[in-house]
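Engineer: Handing over structure_15.tsv, TSV, C-alpha atoms and all ligand atoms.
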chain	number	residue	atom	x	y	z
A	1	MET	CA	25.85	43.01	-2.53
A	2	ILE	CA	25.19	40.05	-4.80
A	3	ASN	CA	23.87	36.83	-3.32
A	4	THR	CA	24.55	34.17	-5.95
A	5	SER	CA	22.58	31.38	-4.30
A	6	ASN	CA	18.82	31.01	-4.11
A	7	LYS	CA	19.03	31.22	-0.31
A	8	PRO	CA	18.75	34.82	0.85
A	9	LEU	CA	20.50	36.30	3.83
A	10	ILE	CA	17.90	36.67	6.57
A	11	GLU	CA	17.61	40.34	7.38
A	12	TYR	CA	14.47	41.54	9.10
A	13	ASN	CA	15.30	45.23	9.18
A	14	ASN	CA	11.74	46.53	9.18
A	15	THR	CA	12.85	50.16	8.89
A	16	LEU	CA	13.62	49.19	5.27
A	17	GLN	CA	9.86	49.45	4.73
A	18	PHE	CA	9.83	53.20	5.14
A	19	ASN	CA	10.88	56.24	3.13
A	20	PRO	CA	13.10	58.78	4.92
A	21	ASP	CA	9.91	60.80	5.57
A	22	GLY	CA	8.45	57.84	7.51
A	23	HIS	CA	5.86	56.76	4.93
A	24	LEU	CA	5.55	53.18	3.71
A	25	LYS	CA	7.81	52.44	0.69
A	26	HIS	CA	7.74	48.62	0.64
A	27	LEU	CA	5.38	46.21	2.43
A	28	LEU	CA	7.61	43.51	3.89
A	29	ASP	CA	6.12	42.75	7.27
A	30	ILE	CA	3.29	43.74	9.61
A	31	LYS	CA	5.89	44.12	12.36
A	32	GLY	CA	7.00	47.73	12.34
A	33	LEU	CA	3.68	49.14	11.10
A	34	THR	CA	1.64	51.45	13.33
A	35	LYS	CA	-2.08	51.34	14.03
A	36	THR	CA	-2.42	54.56	12.01
A	37	GLU	CA	-0.77	52.98	8.96
A	38	ILE	CA	-3.01	49.92	9.12
A	39	GLN	CA	-6.10	52.08	9.55
A	40	LYS	CA	-5.03	54.21	6.56
A	41	ILE	CA	-4.97	51.08	4.40
A	42	PHE	CA	-8.40	50.07	5.80
A	43	THR	CA	-9.82	53.52	4.93
A	44	LYS	CA	-8.44	53.26	1.39
A	45	THR	CA	-9.97	49.77	1.14
A	46	ASP	CA	-13.36	51.12	2.30
A	47	LEU	CA	-13.25	53.73	-0.47
A	48	LEU	CA	-12.17	51.24	-3.14
A	49	LEU	CA	-14.99	48.85	-2.20
A	50	ARG	CA	-17.55	51.67	-2.22
A	51	GLN	CA	-16.29	53.26	-5.41
A	52	PRO	CA	-14.15	51.01	-7.62
A	53	PRO	CA	-11.76	53.11	-9.78
A	54	THR	CA	-12.94	53.81	-13.33
A	55	ASN	CA	-10.18	56.16	-14.54
A	56	GLN	CA	-7.12	53.86	-14.63
A	57	PRO	CA	-5.06	55.80	-12.05
A	58	LEU	CA	-2.06	53.48	-12.57
A	59	LYS	CA	-1.99	53.56	-16.38
A	60	HIS	CA	1.63	53.02	-17.61
A	61	LYS	CA	2.69	51.63	-14.22
A	62	THR	CA	3.96	48.02	-14.12
A	63	LEU	CA	3.56	45.34	-11.47
A	64	ILE	CA	5.57	42.11	-11.64
A	65	ASN	CA	4.36	39.04	-9.73
A	66	LEU	CA	7.44	36.88	-9.06
A	67	PHE	CA	6.31	33.61	-7.46
A	68	TYR	CA	8.65	30.80	-6.39
A	69	GLU	CA	5.73	28.93	-4.75
A	70	ALA	CA	2.23	28.01	-5.86
A	71	SER	CA	-0.59	30.46	-5.23
A	72	THR	CA	-4.19	30.98	-6.25
A	73	ARG	CA	-5.60	33.80	-4.08
A	74	THR	CA	-2.54	36.02	-3.63
A	75	ARG	CA	-1.18	35.97	-7.17
A	76	ILE	CA	-4.51	36.36	-8.89
A	77	SER	CA	-5.76	39.09	-6.57
A	78	PHE	CA	-2.54	41.11	-7.04
A	79	GLU	CA	-2.97	40.72	-10.79
A	80	LEU	CA	-6.61	41.78	-10.72
A	81	ALA	CA	-5.94	44.60	-8.25
A	82	ALA	CA	-3.22	46.10	-10.46
A	83	LYS	CA	-5.29	45.65	-13.65
A	84	ARG	CA	-8.35	47.28	-12.09
A	85	LEU	CA	-6.13	50.27	-11.29
A	86	GLY	CA	-5.01	50.36	-14.94
A	87	ALA	CA	-1.46	49.01	-14.47
A	88	ASP	CA	0.34	46.52	-16.71
A	89	VAL	CA	0.95	43.16	-15.03
A	90	VAL	CA	3.59	40.51	-15.70
A	91	ASN	CA	3.36	37.13	-13.96
A	92	ILE	CA	6.45	34.97	-13.46
A	93	GLN	CA	6.23	31.48	-12.04
A	94	SER	CA	9.77	30.39	-11.18
A	95	ASN	CA	9.48	26.88	-12.68
A	96	ALA	CA	8.51	28.36	-16.04
A	97	SER	CA	11.31	30.95	-16.02
A	98	SER	CA	15.12	30.89	-16.31
A	99	VAL	CA	15.21	29.94	-12.61
A	100	SER	CA	14.69	26.39	-13.93
A	101	LYS	CA	17.98	26.80	-15.88
A	102	GLY	CA	19.84	27.70	-12.69
A	103	GLU	CA	19.49	31.49	-12.59
A	104	SER	CA	19.83	32.75	-9.02
A	105	LEU	CA	17.29	34.83	-7.15
A	106	SER	CA	19.61	37.86	-7.30
A	107	ASP	CA	20.21	37.57	-11.04
A	108	THR	CA	16.49	37.06	-11.64
A	109	PHE	CA	15.76	40.16	-9.57
A	110	TYR	CA	18.42	42.32	-11.27
A	111	THR	CA	17.12	41.20	-14.67
A	112	LEU	CA	13.58	42.20	-13.77
A	113	GLN	CA	14.70	45.49	-12.23
A	114	ALA	CA	16.43	46.39	-15.49
A	115	MET	CA	12.92	46.49	-16.99
A	116	GLN	CA	12.02	49.16	-14.42
A	117	PRO	CA	8.87	47.84	-12.77
A	118	ASP	CA	7.07	50.09	-10.31
A	119	LEU	CA	6.07	47.22	-8.04
A	120	LEU	CA	7.49	43.74	-7.53
A	121	VAL	CA	5.43	41.21	-5.60
A	122	ILE	CA	7.56	38.32	-4.36
A	123	ARG	CA	6.61	34.93	-2.90
A	124	HIS	CA	9.51	32.68	-1.91
A	125	PRO	CA	10.00	29.65	0.37
A	126	ASN	CA	13.00	31.27	2.08
A	127	GLU	CA	12.42	33.62	4.99
A	128	GLY	CA	13.81	37.10	4.50
A	129	THR	CA	13.61	37.13	0.69
A	130	ALA	CA	11.43	40.25	0.44
A	131	HIS	CA	13.74	42.08	2.85
A	132	LEU	CA	16.73	41.10	0.76
A	133	LEU	CA	15.12	42.41	-2.43
A	134	ALA	CA	14.10	45.65	-0.70
A	135	GLN	CA	17.75	46.21	0.25
A	136	GLU	CA	18.70	45.92	-3.40
A	137	ALA	CA	15.70	47.67	-4.97
A	138	LEU	CA	16.14	50.76	-7.14
A	139	PRO	CA	14.39	53.89	-5.80
A	140	GLN	CA	11.41	53.55	-8.18
A	141	THR	CA	10.66	49.88	-7.33
A	142	HIS	CA	8.36	48.99	-4.43
A	143	ILE	CA	8.63	45.46	-3.01
A	144	ILE	CA	5.60	43.65	-1.60
A	145	ASN	CA	6.06	40.46	0.38
A	146	ALA	CA	3.50	37.87	-0.78
A	147	GLY	CA	4.83	35.26	1.68
A	148	ASP	CA	8.38	34.30	2.70
A	149	GLY	CA	8.70	30.82	4.21
A	150	SER	CA	7.01	30.66	7.62
A	151	HIS	CA	7.89	34.27	8.35
A	152	ALA	CA	5.35	36.78	7.04
A	153	HIS	CA	2.38	37.31	4.72
A	154	PRO	CA	1.45	40.92	5.40
A	155	THR	CA	-1.30	41.45	2.80
A	156	GLN	CA	-3.06	38.29	4.05
A	157	ALA	CA	-2.97	39.71	7.60
A	158	LEU	CA	-4.35	43.04	6.36
A	159	LEU	CA	-7.24	41.39	4.51
A	160	ASP	CA	-7.96	39.11	7.48
A	161	SER	CA	-8.01	41.97	9.98
A	162	TYR	CA	-10.01	44.12	7.55
A	163	THR	CA	-12.60	41.31	7.37
A	164	ILE	CA	-12.74	41.09	11.17
A	165	ARG	CA	-13.27	44.87	11.34
A	166	GLN	CA	-16.04	44.61	8.72
A	167	TYR	CA	-18.02	42.15	10.87
A	168	LYS	CA	-17.00	43.10	14.41
A	169	HIS	CA	-16.14	46.83	14.06
A	170	ASN	CA	-14.02	47.17	17.19
A	171	PHE	CA	-11.00	45.05	18.13
A	172	THR	CA	-10.62	45.94	21.80
A	173	ASN	CA	-13.50	43.78	23.06
A	174	LEU	CA	-12.84	40.84	20.75
A	175	CYS	CA	-11.73	37.33	21.56
A	176	VAL	CA	-9.99	35.70	18.57
A	177	ALA	CA	-9.35	31.93	18.73
A	178	ILE	CA	-6.77	30.48	16.34
A	179	ILE	CA	-6.72	26.72	15.85
A	180	GLY	CA	-4.06	24.64	14.12
A	181	ASP	CA	-0.57	25.06	12.74
A	182	ILE	CA	0.52	28.32	14.36
A	183	LYS	CA	4.24	27.55	14.02
A	184	TYR	CA	4.62	27.30	10.26
A	185	SER	CA	1.78	29.57	9.12
A	186	ARG	CA	3.16	32.90	7.90
A	187	ALA	CA	-0.43	34.11	7.47
A	188	VAL	CA	-1.22	33.68	11.15
A	189	ARG	CA	2.14	34.98	12.34
A	190	SER	CA	1.41	38.24	10.51
A	191	LEU	CA	-2.24	38.20	11.63
A	192	ILE	CA	-1.23	37.94	15.30
A	193	GLN	CA	1.03	40.97	14.84
A	194	ALA	CA	-1.79	42.93	13.18
A	195	LEU	CA	-4.28	41.96	15.90
A	196	ARG	CA	-1.86	43.16	18.57
A	197	ILE	CA	-1.24	46.48	16.80
A	198	LEU	CA	-5.01	46.91	16.54
A	199	GLU	CA	-5.27	46.26	20.31
A	200	THR	CA	-7.38	43.10	20.14
A	201	GLY	CA	-8.81	42.16	23.54
A	202	GLU	CA	-7.74	38.51	23.64
A	203	ILE	CA	-5.84	36.27	21.22
A	204	ARG	CA	-6.02	32.54	21.94
A	205	ALA	CA	-4.47	29.53	20.27
A	206	CYS	CA	-4.69	25.75	20.30
A	207	GLY	CA	-2.88	23.16	18.19
A	208	PRO	CA	-0.62	20.12	18.33
A	209	GLN	CA	2.45	20.76	20.49
A	210	THR	CA	4.77	20.29	17.48
A	211	LEU	CA	2.90	23.06	15.62
A	212	ILE	CA	3.02	25.69	18.38
A	213	PRO	CA	5.94	28.16	18.36
A	214	ASP	CA	8.12	28.28	21.47
A	215	ASP	CA	7.58	32.03	21.80
A	216	ILE	CA	3.76	31.90	21.65
A	217	ALA	CA	3.39	33.72	25.01
A	218	GLN	CA	5.85	36.43	23.94
A	219	GLN	CA	3.70	36.91	20.83
A	220	GLY	CA	0.87	37.91	23.21
A	221	VAL	CA	-1.15	34.73	22.60
A	222	MET	CA	-2.80	32.63	25.31
A	223	LEU	CA	-2.30	28.90	24.69
A	224	PHE	CA	-5.16	26.45	25.43
A	225	LYS	CA	-4.88	22.69	25.91
A	226	THR	CA	-8.13	21.81	24.13
A	227	THR	CA	-9.90	23.22	21.11
A	228	ASP	CA	-13.23	23.29	22.98
A	229	ALA	CA	-11.76	25.47	25.76
A	230	CYS	CA	-10.06	27.73	23.23
A	231	LEU	CA	-13.33	28.30	21.35
A	232	GLU	CA	-15.41	29.10	24.45
A	233	GLN	CA	-17.24	32.41	23.84
A	234	ALA	CA	-14.87	33.41	21.01
A	235	ASP	CA	-15.99	36.14	18.58
A	236	VAL	CA	-13.70	35.07	15.75
A	237	VAL	CA	-12.50	31.54	14.92
A	238	VAL	CA	-9.45	31.29	12.65
A	239	THR	CA	-8.75	27.82	11.25
A	240	LEU	CA	-5.46	26.97	9.56
A	241	ARG	CA	-4.09	24.51	7.05
A	242	ILE	CA	-1.17	22.35	8.18
A	243	GLN	CA	1.79	23.75	6.21
A	244	LYS	CA	2.94	20.29	5.09
A	245	GLU	CA	5.49	21.74	2.68
A	246	ARG	CA	7.45	23.27	5.59
A	247	ILE	CA	7.22	20.43	8.10
A	248	HIS	CA	9.46	17.38	8.42
A	249	PRO	CA	7.24	14.34	7.62
A	250	ALA	CA	8.09	12.80	11.02
A	251	LEU	CA	6.42	15.75	12.75
A	252	LEU	CA	3.23	15.70	10.69
A	253	PRO	CA	0.17	14.68	12.70
A	254	ASP	CA	-2.10	11.89	11.48
A	255	GLU	CA	-4.94	13.63	9.62
A	256	GLN	CA	-7.79	11.68	11.25
A	257	GLU	CA	-6.36	12.22	14.70
A	258	TYR	CA	-5.79	15.90	13.89
A	259	PHE	CA	-9.44	16.30	12.89
A	260	GLN	CA	-10.59	14.60	16.10
A	261	HIS	CA	-8.66	17.08	18.25
A	262	TYR	CA	-8.53	20.28	16.22
A	263	GLY	CA	-11.04	20.02	13.35
A	264	ILE	CA	-13.82	22.64	13.42
A	265	ASP	CA	-17.26	21.12	12.95
A	266	ASN	CA	-20.70	22.48	13.86
A	267	ARG	CA	-20.65	20.81	17.28
A	268	ARG	CA	-17.36	22.46	18.24
A	269	LEU	CA	-18.39	25.78	16.74
A	270	GLN	CA	-21.28	25.95	19.21
A	271	ARG	CA	-18.69	26.68	21.92
A	272	ALA	CA	-18.00	30.05	20.31
A	273	LYS	CA	-20.47	32.94	20.48
A	274	ALA	CA	-23.60	32.46	18.38
A	275	ASP	CA	-22.53	35.34	16.11
A	276	ALA	CA	-18.89	34.23	15.84
A	277	ILE	CA	-17.36	34.38	12.39
A	278	VAL	CA	-15.23	31.56	10.97
A	279	MET	CA	-12.16	32.43	8.92
A	280	HIS	CA	-9.49	30.57	6.98
A	281	PRO	CA	-6.69	32.14	4.90
A	282	GLY	CA	-6.97	29.26	2.40
A	283	PRO	CA	-6.40	26.95	0.76
A	284	ILE	CA	-8.67	24.80	2.95
A	285	ASN	CA	-8.48	21.04	3.47
A	286	ARG	CA	-12.05	19.94	4.05
A	287	GLY	CA	-12.44	17.22	6.64
A	288	ILE	CA	-9.02	17.93	8.20
A	289	GLU	CA	-9.06	21.43	9.76
A	290	ILE	CA	-12.66	22.30	8.88
A	291	THR	CA	-15.80	20.48	7.76
A	292	SER	CA	-17.74	21.51	4.67
A	293	GLU	CA	-20.78	22.31	6.84
A	294	VAL	CA	-18.70	24.99	8.63
A	295	ALA	CA	-16.67	26.19	5.64
A	296	ASP	CA	-19.86	26.72	3.61
A	297	GLY	CA	-22.09	27.53	6.60
A	298	PRO	CA	-23.71	30.80	7.69
A	299	GLN	CA	-20.87	31.80	10.02
A	300	SER	CA	-18.14	31.35	7.41
A	301	VAL	CA	-16.62	34.54	5.97
A	302	ILE	CA	-13.96	32.70	3.96
A	303	ARG	CA	-15.22	33.97	0.59
A	304	GLU	CA	-15.55	37.49	1.98
A	305	GLN	CA	-11.85	37.28	2.94
A	306	VAL	CA	-11.01	36.53	-0.69
A	307	LYS	CA	-13.22	39.37	-1.94
A	308	ASN	CA	-11.65	41.80	0.52
A	309	GLY	CA	-8.18	40.61	-0.49
A	310	LEU	CA	-8.59	42.21	-3.90
A	311	ALA	CA	-9.56	45.61	-2.46
A	312	VAL	CA	-6.91	45.48	0.28
A	313	ARG	CA	-4.23	44.76	-2.33
A	314	MET	CA	-5.48	47.66	-4.45
A	315	ALA	CA	-5.19	49.82	-1.33
A	316	VAL	CA	-1.64	48.64	-0.60
A	317	ILE	CA	-0.52	49.25	-4.20
A	318	THR	CA	-1.95	52.80	-4.23
A	319	GLU	CA	-0.55	53.54	-0.76
A	320	LEU	CA	3.00	52.64	-1.82
A	321	LEU	CA	2.76	54.66	-5.04
A	322	ASP	CA	1.11	57.63	-3.29
A	323	ASN	CA	4.03	57.71	-0.83
A	324	ARG	CA	6.64	58.07	-3.60
A	325	ILE	CA	9.08	60.90	-2.96
B	1	LIG	N1	-3.82	32.56	1.49
B	1	LIG	C1	-2.95	32.39	0.48
B	1	LIG	O1	-1.83	32.90	0.51
B	1	LIG	O2	-3.44	31.65	-0.54
B	1	LIG	P1	-2.63	31.29	-1.89
B	1	LIG	O3	-1.48	30.40	-1.49
B	1	LIG	O4	-3.63	30.62	-2.78
B	1	LIG	O5	-2.13	32.59	-2.45
Just give me the structure as structure tokens.
Ligand code: CP
Structural biologist:
Amino acid sequence: MINTSNKPLIEYNNTLQFNPDGHLKHLLDIKGLTKTEIQKIFTKTDLLLRQPPTNQPLKHKTLINLFYEASTRTRISFELAAKRLGADVVNIQSNASSVSKGESLSDTFYTLQAMQPDLLVIRHPNEGTAHLLAQEALPQTHIINAGDGSHAHPTQALLDSYTIRQYKHNFTNLCVAIIGDIKYSRAVRSLIQALRILETGEIRACGPQTLIPDDIAQQGVMLFKTTDACLEQADVVVTLRIQKERIHPALLPDEQEYFQHYGIDNRRLQRAKADAIVMHPGPINRGIEITSEVADGPQSVIREQVKNGLAVRMAVITELLDNRI
């Protein structure tokens, strides 16, 4: 099936992620993964952090980063992860490729597949893109979703939940408070799914009404009217950037007003437990969703998230290749 436009058909068939033997073939979404699969990736990450590979296990393998949106953390950490495993890496930014001459997503993908990559990491503004590519992928190509619209960002969720596990060890007694743009953040949508699979005790949320999804309760998240109430005795505080690029300007909150109601500063943070950790998937907007004193303060694990992202992505790459049949 050839889709000649840049707009993919939305198809969230999460069974596409698995080989016939039930092992992970592509990483498209957190939804559909089991606790065992997530824990397997965590165990691989533990090993990679303890003992970084020295023998180039992926020598002669190729990873292509195909990015239709800007990225710092995700693209660079996939590149470094693959290189540290010994693979060859090719980076394609859509605006510097033949996409700018009108080449469709499908034709771009078929062109890249003809070069027989082992892994293709895709970021795209349209939801469902990674699923679409997985439907079309040749048997030897593994697709990794690096963010599709507001839908999913599975490796971000894995690195976020890995970081929570690193500091808090057990999910069942945890209270996680998420503040901000829950509706348009693919990172937090995937994180909520991971937290539920990992049987997190309580997931709370607070944000402007226009930035809260209608199905928040069905997602297993308790909605709070005020940030202070949401933070009360929380173990983990997740702050989020407003996804301006996906929101109609008329629905964007005033930044000063947003900070007054939802910004995390040291005074607000005192509502959470004294040993609460503060997270942010990045990029951060200082003075809007978080102050510098919190972002750079002793409870912030934002840089640890980035560090873990590299190891988690190494773990995901090796998991997909190890599962080859
Ligand atoms: N968290 C995240 O996806 O960051 P980048 O957009 O910089 O990759």
Engineer: Between A:Glu136, A:Glu232, A:Asp160, A:Glu293, which is the closest to ligand LIG 1 (chain B) once you count all atoms listed in the file?
Structural biologist: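 Distance minimum relative to ligand LIG 1 (chain B) lands on A:Asp160.
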Engineer: Here is a test: counting all atoms listed in the file, which residue of A:Arg123, A:Arg271, A:Lys59, A:Lys183 is nearest to Arg84 (chain A)?
Structural biologist: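 Comparing A:Arg123, A:Arg271, A:Lys59, A:Lys183 against Arg84 (chain A), the winner is A:Lys59.
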Engineer: Sorted by chain and rising residue number, list the residues of chain A at most 7 Å from ligand LIG 1 (chain B) (counting all atoms listed in the file), each with its closest atom pair and distance in Å to one decimal, as CSV.
Structural biologist:
residue,atom,partner,partner_atom,distance
A:Ala70,CA,B:LIG1,O3,6.2
A:Ser71,CA,B:LIG1,O5,3.8
A:Thr72,CA,B:LIG1,O4,3.5
A:Arg73,CA,B:LIG1,O4,4.0
A:Thr74,CA,B:LIG1,O5,3.7
A:Arg75,CA,B:LIG1,O5,5.9
A:Gln156,CA,B:LIG1,N1,6.3
A:Pro281,CA,B:LIG1,N1,4.5
A:Gly282,CA,B:LIG1,N1,4.7
A:Pro283,CA,B:LIG1,O2,5.7
Engineer: So, with only C-alpha atoms as the atoms that count, which of A:Cys206, A:Leu211, A:Ile76, A:Ile216 lies closest to Tyr184 (chain A)?
Structural biologist: A:Leu211
Engineer: Please provide as a PyMOL selection string all residues within 10 Å of Glu69 (chain A), with the sequence filter that same-chain residues fewer than 4 positions apart are discarded (counting all atoms listed in the file).
Structural biologist: chain A and resi 93-95+122-125+147-149
Engineer: Which of these, A:Thr111, A:Gln218, A:Thr34, A:Asn145, has the shortest distance to Ala194 (chain A) once you count all atoms listed in the file?
Structural biologist: A:Thr34
Engineer: For Ala96 (chain A), which residue among A:Ile203, A:Tyr68, A:Asp181, A:Asn173 is the nearest when counting only C-alpha atoms?
Structural biologist: A:Tyr68
Engineer: Hey, can you pull every residue with an atom no more than 6 Å from (-13.7, 18.0, 12.0), using only C-alpha atoms, and send it as a PDB file with C-alpha atoms, keeping the file's coordinate frame?
Structural biologist:
ATOM      1  CA  PHE A 259      -9.440  16.300  12.890  1.00  0.00           C
ATOM      2  CA  GLY A 263     -11.040  20.020  13.350  1.00  0.00           C
ATOM      3  CA  ILE A 264     -13.820  22.640  13.420  1.00  0.00           C
ATOM      4  CA  ASP A 265     -17.260  21.120  12.950  1.00  0.00           C
ATOM      5  CA  GLY A 287     -12.440  17.220   6.640  1.00  0.00           C
ATOM      6  CA  ILE A 290     -12.660  22.300   8.880  1.00  0.00           C
ATOM      7  CA  THR A 291     -15.800  20.480   7.760  1.00  0.00           C
TER       8      THR A 291
END
Engineer: In Å, rounded to a single decimal, give me how far CA of Ile302 (chain A) is from CA of Phe224 (chain A).
Structural biologist: 24.0 Å
Engineer: Could you rebuild region 187-196 of chain A with all heavy atoms and give it back as a PDB file, in the frame of the given file?
Structural biologist:
ATOM      1  N   ALA A 187       0.790  33.294   7.456  1.00  0.00           N
ATOM      2  CA  ALA A 187      -0.430  34.110   7.470  1.00  0.00           C
ATOM      3  C   ALA A 187      -0.822  34.436   8.900  1.00  0.00           C
ATOM      4  O   ALA A 187      -1.151  35.581   9.233  1.00  0.00           O
ATOM      5  CB  ALA A 187      -1.553  33.372   6.744  1.00  0.00           C
ATOM      6  N   VAL A 188      -0.764  33.438   9.779  1.00  0.00           N
ATOM      7  CA  VAL A 188      -1.220  33.680  11.150  1.00  0.00           C
ATOM      8  C   VAL A 188      -0.172  34.425  11.959  1.00  0.00           C
ATOM      9  O   VAL A 188      -0.498  35.215  12.837  1.00  0.00           O
ATOM     10  CB  VAL A 188      -1.700  32.382  11.835  1.00  0.00           C
ATOM     11  CG1 VAL A 188      -0.585  31.665  12.578  1.00  0.00           C
ATOM     12  CG2 VAL A 188      -2.827  32.702  12.792  1.00  0.00           C
ATOM     13  N   ARG A 189       1.078  34.217  11.655  1.00  0.00           N
ATOM     14  CA  ARG A 189       2.140  34.980  12.340  1.00  0.00           C
ATOM     15  C   ARG A 189       1.933  36.480  12.087  1.00  0.00           C
ATOM     16  O   ARG A 189       1.984  37.300  13.007  1.00  0.00           O
ATOM     17  CB  ARG A 189       3.496  34.517  11.804  1.00  0.00           C
ATOM     18  CG  ARG A 189       4.684  35.020  12.555  1.00  0.00           C
ATOM     19  CD  ARG A 189       5.944  34.483  11.899  1.00  0.00           C
ATOM     20  NE  ARG A 189       7.084  35.298  12.238  1.00  0.00           N
ATOM     21  CZ  ARG A 189       7.810  35.129  13.329  1.00  0.00           C
ATOM     22  NH1 ARG A 189       7.531  34.160  14.152  1.00  0.00           N
ATOM     23  NH2 ARG A 189       8.810  35.939  13.578  1.00  0.00           N
ATOM     24  N   SER A 190       1.667  36.826  10.833  1.00  0.00           N
ATOM     25  CA  SER A 190       1.410  38.240  10.510  1.00  0.00           C
ATOM     26  C   SER A 190       0.072  38.696  11.089  1.00  0.00           C
ATOM     27  O   SER A 190      -0.050  39.840  11.540  1.00  0.00           O
ATOM     28  CB  SER A 190       1.418  38.441   8.987  1.00  0.00           C
ATOM     29  OG  SER A 190       2.733  38.335   8.497  1.00  0.00           O
ATOM     30  N   LEU A 191      -0.933  37.806  11.073  1.00  0.00           N
ATOM     31  CA  LEU A 191      -2.240  38.200  11.630  1.00  0.00           C
ATOM     32  C   LEU A 191      -2.128  38.521  13.113  1.00  0.00           C
ATOM     33  O   LEU A 191      -2.698  39.505  13.591  1.00  0.00           O
ATOM     34  CB  LEU A 191      -3.281  37.104  11.386  1.00  0.00           C
ATOM     35  CG  LEU A 191      -4.657  37.375  12.015  1.00  0.00           C
ATOM     36  CD1 LEU A 191      -5.293  38.647  11.443  1.00  0.00           C
ATOM     37  CD2 LEU A 191      -5.596  36.188  11.828  1.00  0.00           C
ATOM     38  N   ILE A 192      -1.392  37.700  13.855  1.00  0.00           N
ATOM     39  CA  ILE A 192      -1.230  37.940  15.300  1.00  0.00           C
ATOM     40  C   ILE A 192      -0.600  39.325  15.509  1.00  0.00           C
ATOM     41  O   ILE A 192      -1.032  40.099  16.371  1.00  0.00           O
ATOM     42  CB  ILE A 192      -0.387  36.817  15.949  1.00  0.00           C
ATOM     43  CG1 ILE A 192      -1.203  35.520  15.999  1.00  0.00           C
ATOM     44  CG2 ILE A 192       0.077  37.212  17.357  1.00  0.00           C
ATOM     45  CD1 ILE A 192      -0.396  34.272  16.352  1.00  0.00           C
ATOM     46  N   GLN A 193       0.396  39.650  14.701  1.00  0.00           N
ATOM     47  CA  GLN A 193       1.030  40.970  14.840  1.00  0.00           C
ATOM     48  C   GLN A 193       0.024  42.088  14.549  1.00  0.00           C
ATOM     49  O   GLN A 193      -0.037  43.086  15.269  1.00  0.00           O
ATOM     50  CB  GLN A 193       2.242  41.079  13.905  1.00  0.00           C
ATOM     51  CG  GLN A 193       3.406  40.206  14.366  1.00  0.00           C
ATOM     52  CD  GLN A 193       4.465  39.979  13.293  1.00  0.00           C
ATOM     53  OE1 GLN A 193       4.319  40.420  12.157  1.00  0.00           O
ATOM     54  NE2 GLN A 193       5.524  39.285  13.656  1.00  0.00           N
ATOM     55  N   ALA A 194      -0.783  41.900  13.515  1.00  0.00           N
ATOM     56  CA  ALA A 194      -1.790  42.930  13.180  1.00  0.00           C
ATOM     57  C   ALA A 194      -2.817  43.062  14.307  1.00  0.00           C
ATOM     58  O   ALA A 194      -3.179  44.172  14.710  1.00  0.00           O
ATOM     59  CB  ALA A 194      -2.473  42.579  11.864  1.00  0.00           C
ATOM     60  N   LEU A 195      -3.267  41.923  14.827  1.00  0.00           N
ATOM     61  CA  LEU A 195      -4.280  41.960  15.900  1.00  0.00           C
ATOM     62  C   LEU A 195      -3.732  42.682  17.131  1.00  0.00           C
ATOM     63  O   LEU A 195      -4.450  43.423  17.805  1.00  0.00           O
ATOM     64  CB  LEU A 195      -4.709  40.538  16.272  1.00  0.00           C
ATOM     65  CG  LEU A 195      -5.525  39.782  15.223  1.00  0.00           C
ATOM     66  CD1 LEU A 195      -5.745  38.334  15.658  1.00  0.00           C
ATOM     67  CD2 LEU A 195      -6.868  40.470  14.961  1.00  0.00           C
ATOM     68  N   ARG A 196      -2.455  42.471  17.407  1.00  0.00           N
ATOM     69  CA  ARG A 196      -1.860  43.160  18.570  1.00  0.00           C
ATOM     70  C   ARG A 196      -1.745  44.655  18.317  1.00  0.00           C
ATOM     71  O   ARG A 196      -2.046  45.461  19.190  1.00  0.00           O
ATOM     72  CB  ARG A 196      -0.489  42.558  18.882  1.00  0.00           C
ATOM     73  CG  ARG A 196      -0.634  41.149  19.454  1.00  0.00           C
ATOM     74  CD  ARG A 196       0.600  40.702  20.135  1.00  0.00           C
ATOM     75  NE  ARG A 196       0.838  41.430  21.383  1.00  0.00           N
ATOM     76  CZ  ARG A 196       1.987  41.390  22.045  1.00  0.00           C
ATOM     77  NH1 ARG A 196       2.982  40.702  21.584  1.00  0.00           N
ATOM     78  NH2 ARG A 196       2.131  42.048  23.162  1.00  0.00           N
TER      79      ARG A 196
END
